[in-house]
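The file my_file-v5.cif contains mmCIF, C-alpha atoms and all ligand atoms:
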data_run
#
loop_
_atom_site.group_PDB
_atom_site.id
_atom_site.type_symbol
_atom_site.label_atom_id
_atom_site.label_comp_id
_atom_site.auth_asym_id
_atom_site.auth_seq_id
_atom_site.Cartn_x
_atom_site.Cartn_y
_atom_site.Cartn_z
ATOM 1 C CA MET A 1 -11.477 -3.381 -4.992
ATOM 2 C CA LYS A 2 -9.763 -6.713 -4.835
ATOM 3 C CA ILE A 3 -6.296 -8.003 -4.122
ATOM 4 C CA LEU A 4 -4.707 -10.594 -6.346
ATOM 5 C CA ALA A 5 -1.522 -12.287 -5.230
ATOM 6 C CA ILE A 6 1.005 -14.491 -6.954
ATOM 7 C CA GLY A 7 2.481 -17.534 -5.281
ATOM 8 C CA MET A 8 5.874 -19.037 -5.997
ATOM 9 C CA ASN A 9 7.244 -16.325 -8.278
ATOM 10 C CA TYR A 10 10.881 -16.394 -7.132
ATOM 11 C CA PRO A 11 12.970 -19.563 -7.584
ATOM 12 C CA SER A 12 14.653 -19.035 -4.195
ATOM 13 C CA HIS A 13 11.288 -19.073 -2.372
ATOM 14 C CA VAL A 14 9.976 -22.051 -4.365
ATOM 15 C CA LYS A 15 13.079 -23.902 -3.209
ATOM 16 C CA GLU A 16 12.788 -22.935 0.469
ATOM 17 C CA MET A 17 9.154 -24.151 0.471
ATOM 18 C CA ASN A 18 10.142 -27.431 -1.241
ATOM 19 C CA ASN A 19 7.671 -26.677 -4.048
ATOM 20 C CA ILE A 20 8.048 -27.227 -7.766
ATOM 21 C CA LEU A 21 8.041 -24.462 -10.365
ATOM 22 C CA SER A 22 4.675 -23.802 -11.973
ATOM 23 C CA PRO A 23 4.466 -23.273 -15.760
ATOM 24 C CA GLU A 24 1.906 -20.500 -15.167
ATOM 25 C CA PRO A 25 1.554 -17.884 -12.406
ATOM 26 C CA VAL A 26 -0.226 -19.254 -9.323
ATOM 27 C CA ILE A 27 -2.950 -16.758 -8.407
ATOM 28 C CA PHE A 28 -4.913 -16.356 -5.208
ATOM 29 C CA SER A 29 -6.952 -13.457 -3.895
ATOM 30 C CA LYS A 30 -7.624 -11.552 -0.720
ATOM 31 C CA PRO A 31 -10.770 -9.509 -0.041
ATOM 32 C CA GLU A 32 -10.779 -5.783 0.688
ATOM 33 C CA SER A 33 -11.042 -6.573 4.424
ATOM 34 C CA ALA A 34 -7.474 -7.929 4.232
ATOM 35 C CA LEU A 35 -6.072 -4.447 3.624
ATOM 36 C CA LEU A 36 -4.029 -2.802 6.373
ATOM 37 C CA LEU A 37 -3.356 0.826 5.490
ATOM 38 C CA ASN A 38 -1.544 3.885 6.830
ATOM 39 C CA ASN A 39 1.009 1.987 8.935
ATOM 40 C CA LYS A 40 -1.667 0.849 11.368
ATOM 41 C CA PRO A 41 -0.607 -1.940 13.754
ATOM 42 C CA PHE A 42 -1.190 -5.575 12.915
ATOM 43 C CA PHE A 43 -2.946 -7.419 15.732
ATOM 44 C CA TYR A 44 -1.697 -10.990 16.018
ATOM 45 C CA PRO A 45 -4.772 -13.199 15.445
ATOM 46 C CA ASP A 46 -5.821 -15.907 17.904
ATOM 47 C CA PHE A 47 -6.279 -18.627 15.251
ATOM 48 C CA SER A 48 -2.586 -19.033 14.423
ATOM 49 C CA THR A 49 0.716 -19.439 16.231
ATOM 50 C CA ASP A 50 2.824 -19.102 13.082
ATOM 51 C CA ILE A 51 2.081 -15.850 11.264
ATOM 52 C CA GLN A 52 4.847 -15.286 8.711
ATOM 53 C CA TYR A 53 5.811 -12.247 6.651
ATOM 54 C CA GLU A 54 6.254 -12.400 2.869
ATOM 55 C CA THR A 55 7.678 -9.150 1.490
ATOM 56 C CA GLU A 56 6.451 -8.330 -2.010
ATOM 57 C CA ILE A 57 6.356 -5.626 -4.659
ATOM 58 C CA VAL A 58 2.750 -4.442 -5.028
ATOM 59 C CA VAL A 59 1.349 -2.917 -8.216
ATOM 60 C CA LYS A 60 -1.763 -0.716 -8.166
ATOM 61 C CA ILE A 61 -4.042 -1.059 -11.177
ATOM 62 C CA ASP A 62 -5.409 2.285 -12.376
ATOM 63 C CA ARG A 63 -7.348 1.346 -15.499
ATOM 64 C CA LEU A 64 -10.124 -1.079 -16.353
ATOM 65 C CA GLY A 65 -8.793 -4.065 -18.269
ATOM 66 C CA LYS A 66 -9.677 -7.545 -19.454
ATOM 67 C CA ASN A 67 -7.552 -9.905 -21.577
ATOM 68 C CA ILE A 68 -4.653 -7.470 -21.527
ATOM 69 C CA ALA A 69 -1.751 -8.302 -23.841
ATOM 70 C CA PRO A 70 1.649 -8.440 -22.095
ATOM 71 C CA LYS A 71 3.028 -5.661 -24.311
ATOM 72 C CA PHE A 72 0.245 -3.300 -23.175
ATOM 73 C CA ALA A 73 0.207 -4.340 -19.492
ATOM 74 C CA HIS A 74 2.487 -1.457 -18.461
ATOM 75 C CA ARG A 75 -0.310 0.981 -19.353
ATOM 76 C CA TYR A 76 -2.516 -0.406 -16.600
ATOM 77 C CA TYR A 77 -0.519 0.761 -13.601
ATOM 78 C CA SER A 78 1.436 3.847 -12.640
ATOM 79 C CA GLU A 79 2.152 3.277 -8.957
ATOM 80 C CA ILE A 80 4.026 0.588 -7.051
ATOM 81 C CA THR A 81 5.015 -0.057 -3.465
ATOM 82 C CA VAL A 82 5.982 -2.835 -1.062
ATOM 83 C CA GLY A 83 3.457 -4.877 0.904
ATOM 84 C CA ILE A 84 3.428 -7.814 3.273
ATOM 85 C CA ASP A 85 1.492 -10.955 2.374
ATOM 86 C CA PHE A 86 0.906 -12.221 5.911
ATOM 87 C CA THR A 87 0.412 -15.971 5.933
ATOM 88 C CA ALA A 88 -0.791 -18.215 8.758
ATOM 89 C CA ARG A 89 1.761 -20.891 7.880
ATOM 90 C CA ASP A 90 0.332 -23.434 10.318
ATOM 91 C CA LEU A 91 -3.162 -23.125 8.788
ATOM 92 C CA GLN A 92 -1.736 -23.103 5.254
ATOM 93 C CA LYS A 93 0.058 -26.386 5.963
ATOM 94 C CA GLN A 94 -3.173 -27.965 7.236
ATOM 95 C CA CYS A 95 -5.121 -26.686 4.202
ATOM 96 C CA LYS A 96 -2.509 -28.054 1.799
ATOM 97 C CA GLU A 97 -2.472 -31.441 3.505
ATOM 98 C CA LYS A 98 -6.249 -31.707 3.273
ATOM 99 C CA GLY A 99 -6.401 -30.276 -0.247
ATOM 100 C CA HIS A 100 -8.604 -27.449 1.046
ATOM 101 C CA PRO A 101 -8.634 -23.879 -0.259
ATOM 102 C CA TRP A 102 -6.176 -21.767 1.753
ATOM 103 C CA GLU A 103 -8.188 -18.537 2.167
ATOM 104 C CA ILE A 104 -8.216 -18.748 5.971
ATOM 105 C CA ALA A 105 -4.403 -18.907 5.895
ATOM 106 C CA LYS A 106 -3.866 -16.109 3.367
ATOM 107 C CA ALA A 107 -6.888 -13.813 3.140
ATOM 108 C CA PHE A 108 -7.806 -13.103 6.768
ATOM 109 C CA ASP A 109 -8.400 -9.589 8.117
ATOM 110 C CA ASN A 110 -5.374 -7.288 7.853
ATOM 111 C CA SER A 111 -3.266 -9.924 6.113
ATOM 112 C CA ALA A 112 -2.290 -7.369 3.454
ATOM 113 C CA PRO A 113 -0.389 -4.389 4.905
ATOM 114 C CA VAL A 114 0.453 -2.145 1.991
ATOM 115 C CA GLY A 115 2.970 0.694 1.837
ATOM 116 C CA ARG A 116 2.787 4.238 0.571
ATOM 117 C CA MET A 117 2.540 4.289 -3.232
ATOM 118 C CA ALA A 118 5.507 5.485 -5.288
ATOM 119 C CA VAL A 119 5.239 6.602 -8.883
ATOM 120 C CA LYS A 120 6.459 4.036 -11.349
ATOM 121 C CA THR A 121 8.410 6.661 -13.297
ATOM 122 C CA ALA A 122 10.812 6.923 -10.343
ATOM 123 C CA HIS A 123 11.693 3.279 -11.058
ATOM 124 C CA PRO A 124 11.996 3.073 -14.853
ATOM 125 C CA ASP A 125 12.781 -0.650 -14.984
ATOM 126 C CA ILE A 126 10.055 -2.504 -13.115
ATOM 127 C CA GLN A 127 12.127 -5.690 -13.477
ATOM 128 C CA ASN A 128 15.108 -4.287 -11.625
ATOM 129 C CA ILE A 129 13.871 -2.978 -8.290
ATOM 130 C CA ASN A 130 15.432 -3.789 -4.927
ATOM 131 C CA PHE A 131 13.226 -4.170 -1.902
ATOM 132 C CA HIS A 132 13.755 -5.378 1.627
ATOM 133 C CA LEU A 133 12.174 -5.829 5.040
ATOM 134 C CA ASP A 134 13.719 -4.932 8.380
ATOM 135 C CA ILE A 135 12.373 -6.312 11.647
ATOM 136 C CA ASN A 136 13.500 -4.464 14.771
ATOM 137 C CA GLY A 137 16.258 -2.820 12.727
ATOM 138 C CA THR A 138 17.712 -5.982 11.180
ATOM 139 C CA THR A 139 17.216 -6.879 7.508
ATOM 140 C CA VAL A 140 15.387 -10.217 7.366
ATOM 141 C CA GLN A 141 14.392 -10.424 3.712
ATOM 142 C CA GLN A 142 15.558 -8.821 0.502
ATOM 143 C CA GLY A 143 14.838 -9.265 -3.156
ATOM 144 C CA ASN A 144 15.107 -7.816 -6.631
ATOM 145 C CA THR A 145 12.333 -8.008 -9.212
ATOM 146 C CA LYS A 146 14.835 -9.227 -11.826
ATOM 147 C CA ASP A 147 14.574 -12.628 -10.135
ATOM 148 C CA MET A 148 10.834 -12.983 -10.777
ATOM 149 C CA ILE A 149 9.819 -16.082 -12.723
ATOM 150 C CA PHE A 150 6.831 -14.245 -14.229
ATOM 151 C CA THR A 151 7.312 -10.533 -14.942
ATOM 152 C CA VAL A 152 4.810 -7.932 -13.750
ATOM 153 C CA ASP A 153 3.506 -7.532 -17.303
ATOM 154 C CA ARG A 154 3.083 -11.275 -17.705
ATOM 155 C CA ILE A 155 1.248 -11.484 -14.361
ATOM 156 C CA ILE A 156 -1.151 -8.699 -15.388
ATOM 157 C CA ALA A 157 -1.797 -10.356 -18.745
ATOM 158 C CA HIS A 158 -2.407 -13.754 -17.192
ATOM 159 C CA ALA A 159 -4.580 -12.515 -14.299
ATOM 160 C CA SER A 160 -6.729 -10.402 -16.629
ATOM 161 C CA ARG A 161 -7.762 -13.519 -18.582
ATOM 162 C CA PHE A 162 -9.673 -14.639 -15.513
ATOM 163 C CA PHE A 163 -10.414 -11.432 -13.583
ATOM 164 C CA THR A 164 -11.404 -8.040 -14.956
ATOM 165 C CA LEU A 165 -8.867 -5.652 -13.452
ATOM 166 C CA LYS A 166 -10.350 -2.486 -12.009
ATOM 167 C CA ASN A 167 -9.094 0.853 -10.874
ATOM 168 C CA GLY A 168 -7.648 0.450 -7.369
ATOM 169 C CA ASP A 169 -7.037 -3.284 -7.499
ATOM 170 C CA LEU A 170 -3.708 -4.389 -5.999
ATOM 171 C CA ILE A 171 -1.458 -7.162 -7.249
ATOM 172 C CA TYR A 172 1.063 -8.722 -4.846
ATOM 173 C CA THR A 173 3.767 -10.101 -7.110
ATOM 174 C CA GLY A 174 5.307 -12.833 -4.975
ATOM 175 C CA THR A 175 7.997 -13.172 -2.347
ATOM 176 C CA PRO A 176 11.693 -14.055 -2.576
ATOM 177 C CA ASP A 177 13.271 -16.419 -0.041
ATOM 178 C CA GLY A 178 13.738 -15.463 3.572
ATOM 179 C CA VAL A 179 10.142 -15.642 4.783
ATOM 180 C CA GLY A 180 9.786 -16.079 8.514
ATOM 181 C CA PRO A 181 7.652 -15.577 11.613
ATOM 182 C CA VAL A 182 6.652 -12.371 13.363
ATOM 183 C CA LYS A 183 5.853 -11.987 17.045
ATOM 184 C CA ILE A 184 4.012 -9.477 19.176
ATOM 185 C CA GLY A 185 6.167 -6.389 19.679
ATOM 186 C CA ASP A 186 7.990 -6.651 16.350
ATOM 187 C CA HIS A 187 8.584 -3.449 14.350
ATOM 188 C CA LEU A 188 8.406 -4.024 10.578
ATOM 189 C CA GLN A 189 9.878 -1.560 8.073
ATOM 190 C CA ALA A 190 9.734 -2.237 4.334
ATOM 191 C CA TYR A 191 11.801 -0.409 1.761
ATOM 192 C CA LEU A 192 11.370 0.212 -1.960
ATOM 193 C CA GLU A 193 15.009 0.688 -3.004
ATOM 194 C CA ASN A 194 16.170 2.919 -0.127
ATOM 195 C CA GLU A 195 12.818 4.537 0.526
ATOM 196 C CA LEU A 196 10.908 3.540 3.663
ATOM 197 C CA VAL A 197 7.341 2.947 2.414
ATOM 198 C CA LEU A 198 5.817 0.760 5.136
ATOM 199 C CA ASP A 199 6.407 1.033 8.883
ATOM 200 C CA PHE A 200 4.216 -0.688 11.450
ATOM 201 C CA LYS A 201 4.163 -2.793 14.598
ATOM 202 C CA VAL A 202 2.767 -6.182 15.546
ATOM 203 C CA LYS A 203 0.575 -5.950 18.645
HETATM 204 ZN ZN ZN A 301 3.072 -14.176 -1.040
#
Please express what this file holds, its structure, as structure tokens.
Amino acid sequence: MKILAIGMNYPSHVKEMNNILSPEPVIFSKPESALLLNNKPFFYPDFSTDIQYETEIVVKIDRLGKNIAPKFAHRYYSEITVGIDFTARDLQKQCKEKGHPWEIAKAFDNSAPVGRMAVKTAHPDIQNINFHLDINGTTVQQGNTKDMIFTVDRIIAHASRFFTLKNGDLIYTGTPDGVGPVKIGDHLQAYLENELVLDFKVK
């Protein structure tokens, strides 16, 4: 399986990063070794001193697809959840400055904690879903998918022009504003609407 992720998909986050809006979805990927499942702890890596959370709606692909039309994209997933796109912001800044690829900042081991899947039918409008992240009991980031620049269906259509989507692939759909650092000892809890779907600690 593979993980595809979308950068800069909420205007509020584009603004906080001082970036400019992209006319097409910005896609990057993470390997399977980035997955962190079953609420296992995240071990703070030694190569960064600025690991930041990005809270995102994650869509699980459950059908093989290539060159999918936007109007048919909804047929290619039936489960969604919330995940964290951990980013080594210090390394990402260095990569950007040098014009290097940013894999070491975005795709490192366990950089993709993913929550328990929820059936899509429980959330009939994919473009109106609230999600938020609490750290140590305080809400630090919240968003609603209505604010996405590129809809889930548009992301699937665009990504499938370049990458054959396979059963089990995950798509991280971008983060709203409010990204920030984590530290050892933090307790992260992510919610899909009011349902706790991801609950883990930083060690
Ligand atoms: Zn992200």
Problem - Result set of the PyMOL selection byres (((chain A and resi 57) around 6) and not hetatm) on the coordinates above, as a PyMOL selection string - result: chain A and resi 56+58+81-82+173
Could you turn the residues from that selection into a file that holds C-alpha atoms, as a PDB file, keeping the file's coordinate frame?
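Done, and the output landed in part21.pdb:
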ATOM      1  CA  GLU A  56       6.451  -8.330  -2.010  1.00  0.00           C
ATOM      2  CA  VAL A  58       2.750  -4.442  -5.028  1.00  0.00           C
ATOM      3  CA  THR A  81       5.015  -0.057  -3.465  1.00  0.00           C
ATOM      4  CA  VAL A  82       5.982  -2.835  -1.062  1.00  0.00           C
ATOM      5  CA  THR A 173       3.767 -10.101  -7.110  1.00  0.00           C
TER       6      THR A 173
END
Handout entry: Within 7 Å of ligand ZN 301 (chain A), counting only C-alpha atoms and all ligand atoms, residues as an MDAnalysis selection string
Key = chainID A and resid 5:7 54 56 85 172 174:175
Practice task
Report the residues retrieved by the PyMOL selection byres (((chain A and resi 154-157) around 7) and not hetatm) from the displayed file, expressed as a ChimeraX atom specification.
Solution key: /A:25,67-70,73,150-153,158-161
Handout entry: Shell of 8 Å around stretch 184-197 of chain A, all atoms listed in the file, local chain residues under 5 positions omitted, as a ChimeraX atom specification
Key = /A:44,55,81-83,115-117,129-137,202-203
Exercise for the section: Let me know the residues the PyMOL selection byres (((chain A and resi 89) around 10) and not hetatm) catches in the file above, as an MDAnalysis selection string. Expected result: chainID A and resid 48:53 86:88 90:95 105:106 180:181
Problem - Minimum-distance residue to A:Ala34, chosen among A:Val140, A:Val179, A:Ala118, A:Leu170 (using all atoms listed in the file) - result: A:Leu170
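Taking atom CA of A:Pro176 and atom CA of A:Ser12 as endpoints, the distance between them is 6.0 Å.
Closest approach to A:Ile149 among A:Thr164, A:Gln127, A:Leu37, A:Ser78 is made by A:Gln127 (distances from all atoms listed in the file).
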Practice task
Enter the distance from atom CA of A:Ile3 to atom CA of A:Val26, in Å, rounded to one decimal.
Solution key: 13.8 Å
